[in-house]
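**Student:** So that you have it, the file is structure07.pdb, and it contains PDB, C-alpha atoms:
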```pdb
ATOM      1  CA  MET A 572     -30.445  15.299  12.028
ATOM      2  CA  SER A 573     -30.819  11.530  12.091
ATOM      3  CA  GLU A 574     -30.694  11.477   8.285
ATOM      4  CA  LEU A 575     -27.513  13.559   8.285
ATOM      5  CA  LYS A 576     -25.825  11.201  10.741
ATOM      6  CA  GLU A 577     -26.616   8.175   8.569
ATOM      7  CA  GLU A 578     -25.359  10.077   5.520
ATOM      8  CA  LEU A 579     -22.125  10.928   7.332
ATOM      9  CA  LYS A 580     -21.520   7.331   8.368
ATOM     10  CA  ALA A 581     -21.976   6.140   4.779
ATOM     11  CA  LYS A 582     -19.647   8.847   3.476
ATOM     12  CA  ILE A 583     -16.971   8.076   6.077
ATOM     13  CA  ILE A 584     -17.027   4.393   5.112
ATOM     14  CA  GLU A 585     -16.846   5.150   1.396
ATOM     15  CA  GLN A 586     -14.366   8.045   1.433
ATOM     16  CA  LEU A 587     -11.982   6.433   3.903
ATOM     17  CA  ASN A 588     -12.192   2.917   2.392
ATOM     18  CA  LEU A 589     -13.293   1.289   5.643
ATOM     19  CA  GLU A 590     -13.669  -2.238   4.314
ATOM     20  CA  ASP A 591     -15.785  -4.552   6.450
ATOM     21  CA  VAL A 592     -17.343  -1.664   8.434
ATOM     22  CA  SER A 593     -21.104  -1.046   8.040
ATOM     23  CA  VAL A 594     -23.241   2.000   8.845
ATOM     24  CA  ALA A 595     -24.984  -0.007  11.579
ATOM     25  CA  GLU A 596     -21.665  -0.677  13.318
ATOM     26  CA  ILE A 597     -20.854   3.012  13.840
ATOM     27  CA  ALA A 598     -22.651   4.441  16.875
ATOM     28  CA  ASP A 599     -23.343   8.164  16.936
ATOM     29  CA  ASP A 600     -20.970   8.665  19.865
ATOM     30  CA  ASP A 601     -18.175   6.300  18.786
ATOM     31  CA  ALA A 602     -14.735   7.928  18.752
ATOM     32  CA  LEU A 603     -13.600   8.283  15.143
ATOM     33  CA  PHE A 604      -9.900   8.434  16.024
ATOM     34  CA  GLY A 605      -7.832   6.498  18.549
ATOM     35  CA  ASP A 606      -9.569   3.432  19.941
ATOM     36  CA  GLY A 607     -12.781   3.965  17.972
ATOM     37  CA  LEU A 608     -12.688   3.594  14.193
ATOM     38  CA  GLY A 609      -8.908   4.016  14.322
ATOM     39  CA  LEU A 610      -8.710   6.770  11.724
ATOM     40  CA  ASP A 611      -5.335   8.435  11.068
ATOM     41  CA  SER A 612      -4.017  11.881  10.127
ATOM     42  CA  ILE A 613      -4.581  11.372   6.375
ATOM     43  CA  ASP A 614      -8.184  10.390   7.139
ATOM     44  CA  ALA A 615      -8.543  13.666   9.046
ATOM     45  CA  LEU A 616      -7.417  15.580   5.944
ATOM     46  CA  GLU A 617      -9.912  13.628   3.830
ATOM     47  CA  LEU A 618     -12.690  14.604   6.242
ATOM     48  CA  ILE A 619     -11.651  18.266   5.979
ATOM     49  CA  VAL A 620     -11.930  18.006   2.165
ATOM     50  CA  MET A 621     -15.331  16.304   2.552
ATOM     51  CA  LEU A 622     -16.656  19.135   4.743
ATOM     52  CA  ASP A 623     -15.630  21.649   2.076
ATOM     53  CA  LYS A 624     -16.838  19.648  -0.941
ATOM     54  CA  ASP A 625     -20.170  18.364   0.372
ATOM     55  CA  TYR A 626     -21.249  20.963   2.942
ATOM     56  CA  GLY A 627     -19.412  24.148   1.938
ATOM     57  CA  ILE A 628     -17.556  24.352   5.245
ATOM     58  CA  ARG A 629     -13.941  25.476   4.935
ATOM     59  CA  LEU A 630     -11.870  25.072   8.081
ATOM     60  CA  SER A 631      -9.341  27.898   8.392
ATOM     61  CA  ASP A 632      -7.308  25.952  10.948
ATOM     62  CA  PRO A 633      -6.916  22.175  10.391
ATOM     63  CA  LYS A 634      -6.498  21.791  14.169
ATOM     64  CA  GLU A 635     -10.211  22.618  14.484
ATOM     65  CA  GLY A 636     -10.806  19.142  13.055
ATOM     66  CA  ARG A 637      -9.712  17.513  16.317
ATOM     67  CA  LYS A 638     -12.892  18.677  18.040
ATOM     68  CA  ILE A 639     -15.225  18.492  15.065
ATOM     69  CA  PHE A 640     -14.279  14.920  14.177
ATOM     70  CA  GLU A 641     -14.661  13.571  17.698
ATOM     71  CA  SER A 642     -17.717  11.516  16.709
ATOM     72  CA  VAL A 643     -20.467  11.394  14.086
ATOM     73  CA  GLN A 644     -22.764  13.205  16.552
ATOM     74  CA  VAL A 645     -20.321  16.100  17.011
ATOM     75  CA  MET A 646     -19.708  16.286  13.254
ATOM     76  CA  ALA A 647     -23.432  16.377  12.509
ATOM     77  CA  ASP A 648     -24.025  19.145  15.086
ATOM     78  CA  TYR A 649     -21.214  21.230  13.578
ATOM     79  CA  ILE A 650     -22.433  20.699   9.994
ATOM     80  CA  GLU A 651     -26.034  21.641  10.897
ATOM     81  CA  GLU A 652     -24.802  24.903  12.354
ATOM     82  CA  HIS A 653     -22.254  25.890   9.707
ATOM     83  CA  ARG A 654     -23.267  24.326   6.394
ATOM     84  CA  THR A 655     -23.571  26.580   3.331
ATOM     85  CA  LYS A 656     -24.824  23.871   0.975
TER      86      LYS A 656
ATOM     87  CA  MET B 287      36.706 -12.098   0.856
ATOM     88  CA  THR B 288      33.586 -12.028  -1.304
ATOM     89  CA  LYS B 289      30.764 -14.025   0.260
ATOM     90  CA  THR B 290      28.119 -15.924  -1.658
ATOM     91  CA  PHE B 291      24.500 -15.217  -0.794
ATOM     92  CA  HIS B 292      21.376 -17.177  -1.574
ATOM     93  CA  ILE B 293      17.773 -16.686  -2.642
ATOM     94  CA  LYS B 294      15.605 -18.274   0.014
ATOM     95  CA  SER B 295      12.157 -17.694  -1.474
ATOM     96  CA  TYR B 296      10.419 -15.714  -4.217
ATOM     97  CA  SER B 297       6.937 -14.571  -5.212
ATOM     98  CA  HIS B 298       5.148 -13.508  -8.388
ATOM     99  CA  ILE B 299       1.865 -11.672  -8.830
ATOM    100  CA  LYS B 300       0.799 -11.421 -12.462
ATOM    101  CA  ASN B 301      -1.843 -12.743 -14.863
ATOM    102  CA  GLN B 302      -4.459 -12.907 -12.052
ATOM    103  CA  THR B 303      -2.257 -15.325 -10.101
ATOM    104  CA  VAL B 304      -0.260 -15.174  -6.850
ATOM    105  CA  SER B 305       2.661 -17.625  -6.755
ATOM    106  CA  VAL B 306       5.269 -18.526  -4.156
ATOM    107  CA  ASN B 307       8.448 -20.360  -5.199
ATOM    108  CA  GLY B 308       6.920 -20.977  -8.603
ATOM    109  CA  GLN B 309       3.739 -22.589  -7.264
ATOM    110  CA  ALA B 310       0.383 -20.852  -7.733
ATOM    111  CA  ILE B 311      -1.308 -20.317  -4.362
ATOM    112  CA  PHE B 312      -4.204 -18.157  -5.609
ATOM    113  CA  ARG B 313      -5.809 -17.680  -8.988
ATOM    114  CA  ASP B 314      -8.800 -15.492  -9.822
ATOM    115  CA  GLU B 315     -10.883 -14.856 -12.909
ATOM    116  CA  ASN B 316     -11.201 -11.127 -12.311
ATOM    117  CA  GLU B 317      -9.228  -9.180 -14.907
ATOM    118  CA  ASP B 318      -9.908  -5.956 -13.015
ATOM    119  CA  PHE B 319      -6.923  -5.451 -10.678
ATOM    120  CA  PRO B 320      -8.753  -3.906  -7.663
ATOM    121  CA  LEU B 321     -11.162  -6.876  -7.561
ATOM    122  CA  PHE B 322      -8.420  -9.433  -8.127
ATOM    123  CA  ILE B 323      -6.149  -8.048  -5.407
ATOM    124  CA  LYS B 324      -9.044  -7.725  -2.940
ATOM    125  CA  ASN B 325      -9.953 -11.373  -3.511
ATOM    126  CA  ALA B 326      -6.287 -12.368  -3.091
ATOM    127  CA  TYR B 327      -6.092 -10.377   0.166
ATOM    128  CA  LYS B 328      -9.137 -12.202   1.527
ATOM    129  CA  PHE B 329      -8.010 -15.627   0.349
ATOM    130  CA  LEU B 330      -4.603 -15.132   1.975
ATOM    131  CA  LYS B 331      -6.290 -14.047   5.256
ATOM    132  CA  THR B 332      -4.085 -10.966   5.396
ATOM    133  CA  ASP B 333      -6.146  -9.110   8.038
ATOM    134  CA  TYR B 334      -4.637  -5.634   7.692
ATOM    135  CA  PRO B 335      -7.451  -3.051   7.246
ATOM    136  CA  LYS B 336      -5.024  -0.328   6.096
ATOM    137  CA  PHE B 337      -4.531  -2.403   2.943
ATOM    138  CA  PHE B 338      -7.767  -0.944   1.582
ATOM    139  CA  LYS B 339      -6.445   2.610   1.878
ATOM    140  CA  MET B 340      -3.400   1.860  -0.296
ATOM    141  CA  ASP B 341      -3.065   2.678  -3.985
ATOM    142  CA  ASN B 342      -2.762  -0.095  -6.591
ATOM    143  CA  LEU B 343       1.054  -0.162  -6.618
ATOM    144  CA  SER B 344       1.260  -0.427  -2.830
ATOM    145  CA  LYS B 345      -1.382  -3.180  -2.732
ATOM    146  CA  LEU B 346       0.601  -5.138  -5.322
ATOM    147  CA  ALA B 347       3.933  -4.682  -3.512
ATOM    148  CA  PHE B 348       2.421  -5.263  -0.076
ATOM    149  CA  LEU B 349       0.852  -8.631  -0.938
ATOM    150  CA  ALA B 350       3.892  -9.843  -2.922
ATOM    151  CA  ALA B 351       6.065  -9.056   0.128
ATOM    152  CA  ASP B 352       3.567 -10.378   2.672
ATOM    153  CA  VAL B 353       3.371 -13.881   1.188
ATOM    154  CA  LEU B 354       7.145 -14.179   1.725
ATOM    155  CA  LEU B 355       7.671 -12.306   4.995
ATOM    156  CA  LYS B 356       4.848 -13.993   6.889
ATOM    157  CA  ASN B 357       6.848 -17.242   6.699
ATOM    158  CA  GLU B 358       9.952 -15.679   8.200
ATOM    159  CA  ASN B 359       9.002 -15.744  11.918
ATOM    160  CA  LEU B 360       9.827 -12.065  12.162
ATOM    161  CA  ASN B 361      10.558 -10.253  15.403
ATOM    162  CA  GLU B 362       7.513  -8.322  16.642
ATOM    163  CA  GLU B 363       9.650  -5.312  17.606
ATOM    164  CA  GLU B 364      12.238  -4.788  14.885
ATOM    165  CA  ASN B 365      13.714  -6.521  11.818
ATOM    166  CA  ASN B 366      16.736  -5.678   9.684
ATOM    167  CA  ILE B 367      15.517  -6.678   6.240
ATOM    168  CA  ALA B 368      16.412  -4.141   3.560
ATOM    169  CA  LEU B 369      13.998  -3.456   0.700
ATOM    170  CA  ILE B 370      15.364  -2.846  -2.814
ATOM    171  CA  PHE B 371      12.501  -2.487  -5.288
ATOM    172  CA  SER B 372      12.289  -1.291  -8.869
ATOM    173  CA  ASN B 373       9.834  -0.738 -11.699
ATOM    174  CA  LYS B 374       9.232   1.098 -14.956
ATOM    175  CA  ALA B 375       6.026   3.062 -14.375
ATOM    176  CA  SER B 376       7.035   4.659 -11.059
ATOM    177  CA  SER B 377       3.775   5.848  -9.411
ATOM    178  CA  LEU B 378       2.184   6.968 -12.711
ATOM    179  CA  ASP B 379      -1.155   5.261 -12.032
ATOM    180  CA  THR B 380      -1.725   7.365  -8.915
ATOM    181  CA  ASP B 381      -0.005  10.432 -10.386
ATOM    182  CA  ARG B 382      -2.627  10.469 -13.148
ATOM    183  CA  LYS B 383      -5.483  10.334 -10.638
ATOM    184  CA  HIS B 384      -4.006  13.246  -8.708
ATOM    185  CA  GLN B 385      -3.371  15.207 -11.901
ATOM    186  CA  ALA B 386      -7.013  14.759 -12.980
ATOM    187  CA  ALA B 387      -8.137  16.129  -9.598
ATOM    188  CA  ILE B 388      -5.922  19.235  -9.689
ATOM    189  CA  GLU B 389      -6.852  19.986 -13.310
ATOM    190  CA  ASN B 390     -10.538  20.188 -12.417
ATOM    191  CA  GLU B 391     -10.856  23.887 -11.613
ATOM    192  CA  ALA B 392     -14.640  23.767 -11.242
ATOM    193  CA  GLU B 393     -14.489  21.036  -8.602
ATOM    194  CA  TYR B 394     -11.033  21.517  -7.095
ATOM    195  CA  PHE B 395     -10.942  18.946  -4.306
ATOM    196  CA  PRO B 396      -7.722  16.901  -4.621
ATOM    197  CA  SER B 397      -7.679  13.956  -2.256
ATOM    198  CA  PRO B 398      -4.911  13.882   0.401
ATOM    199  CA  ALA B 399      -5.259  10.082   0.493
ATOM    200  CA  VAL B 400      -4.431   9.917  -3.233
ATOM    201  CA  PHE B 401      -1.671  12.537  -3.042
ATOM    202  CA  VAL B 402       0.328  10.644  -0.403
ATOM    203  CA  TYR B 403       0.851   7.795  -2.884
ATOM    204  CA  THR B 404       2.344   9.958  -5.651
ATOM    205  CA  LEU B 405       5.806   8.477  -5.063
ATOM    206  CA  PRO B 406       6.722   4.847  -5.837
ATOM    207  CA  ASN B 407       8.709   4.294  -2.633
ATOM    208  CA  ILE B 408       5.624   4.775  -0.438
ATOM    209  CA  CYS B 409       4.961   1.052  -0.910
ATOM    210  CA  LEU B 410       8.250   0.372   0.894
ATOM    211  CA  GLY B 411       6.939   2.313   3.878
ATOM    212  CA  GLU B 412       3.729   0.280   3.915
ATOM    213  CA  ILE B 413       5.694  -2.992   4.011
ATOM    214  CA  SER B 414       8.103  -1.613   6.629
ATOM    215  CA  ILE B 415       5.252  -0.529   8.920
ATOM    216  CA  LYS B 416       3.495  -3.905   8.741
ATOM    217  CA  HIS B 417       6.620  -5.990   9.293
ATOM    218  CA  ARG B 418       8.538  -3.537  11.495
ATOM    219  CA  LEU B 419      11.488  -3.193   9.163
ATOM    220  CA  TYR B 420      13.812  -0.503  10.515
ATOM    221  CA  SER B 421      16.205  -0.902   7.635
ATOM    222  CA  GLU B 422      17.648   0.434   4.384
ATOM    223  CA  ASN B 423      15.268   0.846   1.467
ATOM    224  CA  SER B 424      15.505   2.123  -2.093
ATOM    225  CA  PHE B 425      13.229   2.234  -5.105
ATOM    226  CA  PHE B 426      14.757   2.437  -8.601
ATOM    227  CA  ILE B 427      13.103   3.259 -11.927
ATOM    228  CA  PHE B 428      14.422   1.293 -14.915
ATOM    229  CA  ASP B 429      13.289   0.711 -18.518
ATOM    230  CA  ARG B 430      13.337  -3.021 -17.869
ATOM    231  CA  PHE B 431      13.951  -5.547 -15.089
ATOM    232  CA  ASN B 432      17.595  -4.990 -14.084
ATOM    233  CA  ALA B 433      18.995  -8.093 -12.387
ATOM    234  CA  GLU B 434      22.568  -6.747 -12.464
ATOM    235  CA  HIS B 435      21.772  -3.640 -10.453
ATOM    236  CA  LEU B 436      19.621  -5.462  -7.917
ATOM    237  CA  GLN B 437      22.297  -8.107  -7.383
ATOM    238  CA  LEU B 438      25.119  -5.589  -6.909
ATOM    239  CA  TYR B 439      23.163  -3.392  -4.511
ATOM    240  CA  THR B 440      21.888  -6.355  -2.497
ATOM    241  CA  ASN B 441      25.338  -7.921  -2.153
ATOM    242  CA  SER B 442      26.775  -4.577  -1.084
ATOM    243  CA  LEU B 443      24.203  -4.256   1.727
ATOM    244  CA  LEU B 444      24.791  -7.819   2.920
ATOM    245  CA  GLN B 445      28.607  -7.694   2.614
ATOM    246  CA  SER B 446      28.811  -4.454   4.563
ATOM    247  CA  GLY B 447      26.504  -5.742   7.290
ATOM    248  CA  LYS B 448      23.945  -2.986   6.625
ATOM    249  CA  ALA B 449      21.224  -5.650   6.391
ATOM    250  CA  GLU B 450      20.729  -9.218   7.579
ATOM    251  CA  LYS B 451      18.466 -10.043   4.641
ATOM    252  CA  VAL B 452      17.289  -8.164   1.545
ATOM    253  CA  LEU B 453      13.871  -8.373  -0.074
ATOM    254  CA  CYS B 454      14.228  -7.155  -3.624
ATOM    255  CA  GLY B 455      12.685  -7.214  -7.057
ATOM    256  CA  TRP B 456      10.204  -5.600  -9.424
ATOM    257  CA  VAL B 457       6.700  -4.194  -8.742
ATOM    258  CA  ASP B 458       5.124  -2.426 -11.687
ATOM    259  CA  PHE B 459       1.588  -1.104 -12.093
ATOM    260  CA  ASP B 460       0.122   1.058 -14.826
ATOM    261  CA  ASP B 461      -3.345   1.203 -16.341
ATOM    262  CA  ASN B 462      -4.524  -2.177 -14.985
ATOM    263  CA  SER B 463      -1.305  -3.831 -16.215
ATOM    264  CA  TYR B 464       0.591  -5.278 -13.272
ATOM    265  CA  GLU B 465       3.545  -7.473 -12.423
ATOM    266  CA  ALA B 466       5.342  -8.228  -9.171
ATOM    267  CA  PHE B 467       8.405 -10.402  -8.668
ATOM    268  CA  LEU B 468      10.090 -10.297  -5.261
ATOM    269  CA  TYR B 469      12.804 -12.506  -3.791
ATOM    270  CA  LEU B 470      14.428 -12.755  -0.391
ATOM    271  CA  VAL B 471      18.232 -12.905  -0.230
ATOM    272  CA  GLU B 472      20.203 -14.080   2.791
ATOM    273  CA  ASN B 473      23.174 -16.228   3.786
ATOM    274  CA  VAL B 474      21.467 -19.582   3.405
ATOM    275  CA  GLY B 475      19.201 -20.980   0.722
ATOM    276  CA  LYS B 476      19.119 -23.420  -2.155
ATOM    277  CA  ILE B 477      19.451 -20.954  -5.028
ATOM    278  CA  GLU B 478      22.674 -19.014  -5.492
ATOM    279  CA  HIS B 479      22.201 -15.262  -5.673
ATOM    280  CA  ASN B 480      23.573 -14.328  -9.102
ATOM    281  CA  THR B 481      22.162 -12.516 -12.141
ATOM    282  CA  GLU B 482      21.529 -15.729 -14.093
ATOM    283  CA  GLU B 483      19.385 -17.191 -11.317
ATOM    284  CA  ILE B 484      17.582 -13.906 -10.661
ATOM    285  CA  THR B 485      16.709 -13.618 -14.367
ATOM    286  CA  ARG B 486      15.668 -17.280 -14.505
ATOM    287  CA  LEU B 487      13.296 -16.860 -11.561
ATOM    288  CA  TYR B 488      11.918 -13.592 -12.963
ATOM    289  CA  ASN B 489      10.983 -15.416 -16.186
ATOM    290  CA  ILE B 490       9.908 -18.688 -14.572
ATOM    291  CA  LEU B 491       6.171 -17.917 -14.887
TER     292      LEU B 491
END
```
Show this structure as structure tokens.

**Tutor:**
Amino acid sequence: MSELKEELKAKIIEQLNLEDVSVAEIADDDALFGDGLGLDSIDALELIVMLDKDYGIRLSDPKEGRKIFESVQVMADYIEEHRTK
Amino acid sequence: MTKTFHIKSYSHIKNQTVSVNGQAIFRDENEDFPLFIKNAYKFLKTDYPKFFKMDNLSKLAFLAADVLLKNENLNEEENNIALIFSNKASSLDTDRKHQAAIENEAEYFPSPAVFVYTLPNICLGEISIKHRLYSENSFFIFDRFNAEHLQLYTNSLLQSGKAEKVLCGWVDFDDNSYEAFLYLVENVGKIEHNTEEITRLYNIL
């Protein structure tokens, strides 16, 4: 699980072009949206594509992302449970 | 009565150089545009993390506008500066990236962050968000730099009171070839706003 969380942090930084943010600066429970990393709605769509591409998880309702992308911890828990690759 | 307007300031970004009013303020050896523009962003202390999410055309337009607008003591709430931009390549650079993604049937994962930049006028939105411009904006596609059209449109907006100032010009990006020339038009300034002067400034560097 710890490995997955580090992998997710690195992917979030790379996929969402978070310049000047390092893996070490993202805590497992940091909010990804709002006051946390300050991600926006296009970032949420990118994360949905990432779930599909890298973990074989296809969200049928994009609104599900609101809960899943709460933090790296919540994302990792969801991926562990639902991943197909 | 027809009023005379003036060009207050102008910027160029081309040949690995950022210039304001004809004076180079940043020069870099990187021929690769993403590296060059990133170094320019850092040198100019722009401090706007969303810059890194933009496509190449928006980065070019954003920095060319920012070096002029940051000297304007803008209102933090709202500003009436119209944006009239133009180019030749539209958003082709990003269009090609999106096309490559949707043509890949085996790995069909087009990026929403790329798709949102498949229109040239998105760069106007980026500038408007940063500088709180609640104003007219248009983006025209021409075969070449068209001083006549820009001058007519700008004067019309200023004469009719639709805008207090107009930031206009040319921002073109395709296949690592780039050129930006923007100028700010308002009531006062040293350079008269006419096609001869616009063309002279466009070719000054």

**Student:** Could you write out as a VMD selection string the residues of chain B within 8 Å of chain A, counting all atoms listed in the file?

**Tutor:** chain B and resid 335 338 to 339 395 397 to 399

**Student:** For Ser593 (chain A), find every residue with an atom within 10 Å (counting all atoms listed in the file), except residues of its own chain fewer than 3 positions away, and show them as a PyMOL selection string.

**Tutor:** chain A and resi 580-581+584+589-590+596-597

**Student:** With distances taken over all atoms listed in the file, which residue among B:Phe312, B:Phe319, B:Tyr439, B:Phe467 lies nearest Lys331 (chain B)?

**Tutor:** B:Phe312

**Student:** Report as number ranges by chain all protein, DNA and RNA residues lying within 10 Å of region 358-373 of chain B, evaluated on all atoms listed in the file, omitting residues in the same chain fewer than 3 positions from it.

**Tutor:** B: 347, 351-355, 376-377, 406-407, 409-411, 413-414, 416-432, 435-437, 439-440, 443-444, 448-459, 465-468, 470-472

**Student:** Give me the result of the PyMOL selection byres ((chain A and resi 600) around 12) on this file, residue by residue, as an mmCIF file with C-alpha atoms, in the coordinates of the input.

**Tutor:**
```cif
data_model
loop_
_atom_site.group_PDB
_atom_site.id
_atom_site.type_symbol
_atom_site.label_atom_id
_atom_site.label_comp_id
_atom_site.auth_asym_id
_atom_site.auth_seq_id
_atom_site.Cartn_x
_atom_site.Cartn_y
_atom_site.Cartn_z
ATOM 1 C CA LYS A 576 -25.825 11.201 10.741
ATOM 2 C CA LYS A 580 -21.520 7.331 8.368
ATOM 3 C CA GLU A 596 -21.665 -0.677 13.318
ATOM 4 C CA ILE A 597 -20.854 3.012 13.840
ATOM 5 C CA ALA A 598 -22.651 4.441 16.875
ATOM 6 C CA ASP A 599 -23.343 8.164 16.936
ATOM 7 C CA ASP A 601 -18.175 6.300 18.786
ATOM 8 C CA ALA A 602 -14.735 7.928 18.752
ATOM 9 C CA LEU A 603 -13.600 8.283 15.143
ATOM 10 C CA PHE A 604 -9.900 8.434 16.024
ATOM 11 C CA GLY A 607 -12.781 3.965 17.972
ATOM 12 C CA LEU A 608 -12.688 3.594 14.193
ATOM 13 C CA PHE A 640 -14.279 14.920 14.177
ATOM 14 C CA GLU A 641 -14.661 13.571 17.698
ATOM 15 C CA SER A 642 -17.717 11.516 16.709
ATOM 16 C CA VAL A 643 -20.467 11.394 14.086
ATOM 17 C CA GLN A 644 -22.764 13.205 16.552
ATOM 18 C CA VAL A 645 -20.321 16.100 17.011
ATOM 19 C CA MET A 646 -19.708 16.286 13.254
ATOM 20 C CA ALA A 647 -23.432 16.377 12.509
ATOM 21 C CA ASP A 648 -24.025 19.145 15.086
#
```

**Student:** Residues picked by the PyMOL selection byres ((chain B and resi 462) around 12) here, as a PyMOL selection string?

**Tutor:** chain B and resi 300-302+316-323+342-343+346+375+378-380+458-461+463-465

**Student:** Any idea what the distance is between CA of Asp381 (chain B) and CA of Thr404 (chain B)?

**Tutor:**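 Distance between the two atoms: 5.3 Å.
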
**Student:** CA of Lys294 (chain B) and CA of Asn473 (chain B), how far apart in Å?

**Tutor:**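 Computed distance, CA of Asn473 (chain B) to CA of Lys294 (chain B), equals 8.7 Å.
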
**Student:** Grab the CA of Ser297 (chain B) to CA of Leu349 (chain B) distance for me, in Å with one decimal place.

**Tutor:** 9.5 Å

**Student:** Can you sort out the box for region 308-323 of chain B, edges along x, y and z, all listed atoms in, 4 Å on every side, with centre and edge lengths in Å to one decimal, as lines of an AutoDock Vina configuration file?

**Tutor:**
```
center_x = -2.1
center_y = -13.2
center_z = -9.6
size_x = 26.1
size_y = 26.7
size_z = 18.5
```

**Student:** Just say which residues the PyMOL selection byres ((chain A and resi 653) around 12) picks in this file, as a list of chain:residue names.

**Tutor:** A:Leu622, A:Asp623, A:Tyr626, A:Gly627, A:Ile628, A:Arg629, A:Leu630, A:Ile639, A:Met646, A:Ala647, A:Asp648, A:Tyr649, A:Ile650, A:Glu651, A:Glu652, A:Arg654, A:Thr655, A:Lys656

**Student:** Show me the residues close to (7.1, -18.0, -18.3) - anything with an atom within 12 Å, counting all atoms listed in the file - and format the list as a list in words.

**Tutor:**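 Residues found, by chain and rising number: His298, Lys300, Asn301, Gly308, Thr485, Arg486, Leu487, Tyr488, Asn489, Ile490 and Leu491 of chain B.
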
**Student:** Could you add the missing atoms to region 599-610 of chain A, up to N, CA, C and O atoms, and return them as a JSON list (two decimals), in the frame of the given file?

**Tutor:**
```json
[["chain", "number", "residue", "atom", "x", "y", "z"],
["A", 599, "ASP", "N", -23.44, 6.70, 17.07],
["A", 599, "ASP", "CA", -23.34, 8.16, 16.94],
["A", 599, "ASP", "C", -22.20, 8.72, 17.78],
["A", 599, "ASP", "O", -21.56, 9.71, 17.41],
["A", 600, "ASP", "N", -21.97, 8.13, 18.95],
["A", 600, "ASP", "CA", -20.97, 8.66, 19.86],
["A", 600, "ASP", "C", -19.62, 7.94, 19.82],
["A", 600, "ASP", "O", -18.73, 8.23, 20.61],
["A", 601, "ASP", "N", -19.46, 7.01, 18.90],
["A", 601, "ASP", "CA", -18.18, 6.30, 18.79],
["A", 601, "ASP", "C", -17.06, 7.29, 18.46],
["A", 601, "ASP", "O", -17.23, 8.18, 17.61],
["A", 602, "ALA", "N", -15.90, 7.10, 19.10],
["A", 602, "ALA", "CA", -14.74, 7.93, 18.75],
["A", 602, "ALA", "C", -14.29, 7.55, 17.34],
["A", 602, "ALA", "O", -14.20, 6.38, 17.00],
["A", 603, "LEU", "N", -14.04, 8.57, 16.51],
["A", 603, "LEU", "CA", -13.60, 8.28, 15.14],
["A", 603, "LEU", "C", -12.10, 7.99, 15.10],
["A", 603, "LEU", "O", -11.63, 7.20, 14.29],
["A", 604, "PHE", "N", -11.35, 8.64, 16.00],
["A", 604, "PHE", "CA", -9.90, 8.43, 16.02],
["A", 604, "PHE", "C", -9.53, 7.64, 17.28],
["A", 604, "PHE", "O", -10.38, 7.40, 18.14],
["A", 605, "GLY", "N", -8.27, 7.25, 17.37],
["A", 605, "GLY", "CA", -7.83, 6.50, 18.55],
["A", 605, "GLY", "C", -8.46, 5.13, 18.59],
["A", 605, "GLY", "O", -8.45, 4.39, 17.62],
["A", 606, "ASP", "N", -9.05, 4.79, 19.74],
["A", 606, "ASP", "CA", -9.57, 3.43, 19.94],
["A", 606, "ASP", "C", -10.87, 3.14, 19.20],
["A", 606, "ASP", "O", -11.31, 2.00, 19.15],
["A", 607, "GLY", "N", -11.50, 4.17, 18.65],
["A", 607, "GLY", "CA", -12.78, 3.96, 17.97],
["A", 607, "GLY", "C", -12.59, 3.33, 16.60],
["A", 607, "GLY", "O", -12.20, 2.18, 16.49],
["A", 608, "LEU", "N", -12.84, 4.12, 15.55],
["A", 608, "LEU", "CA", -12.69, 3.59, 14.19],
["A", 608, "LEU", "C", -11.22, 3.51, 13.77],
["A", 608, "LEU", "O", -10.90, 2.93, 12.74],
["A", 609, "GLY", "N", -10.35, 4.11, 14.60],
["A", 609, "GLY", "CA", -8.91, 4.02, 14.32],
["A", 609, "GLY", "C", -8.46, 4.81, 13.12],
["A", 609, "GLY", "O", -7.53, 4.41, 12.41],
["A", 610, "LEU", "N", -9.10, 5.94, 12.87],
["A", 610, "LEU", "CA", -8.71, 6.77, 11.72],
["A", 610, "LEU", "C", -7.35, 7.41, 11.99],
["A", 610, "LEU", "O", -6.93, 7.56, 13.14]]
```
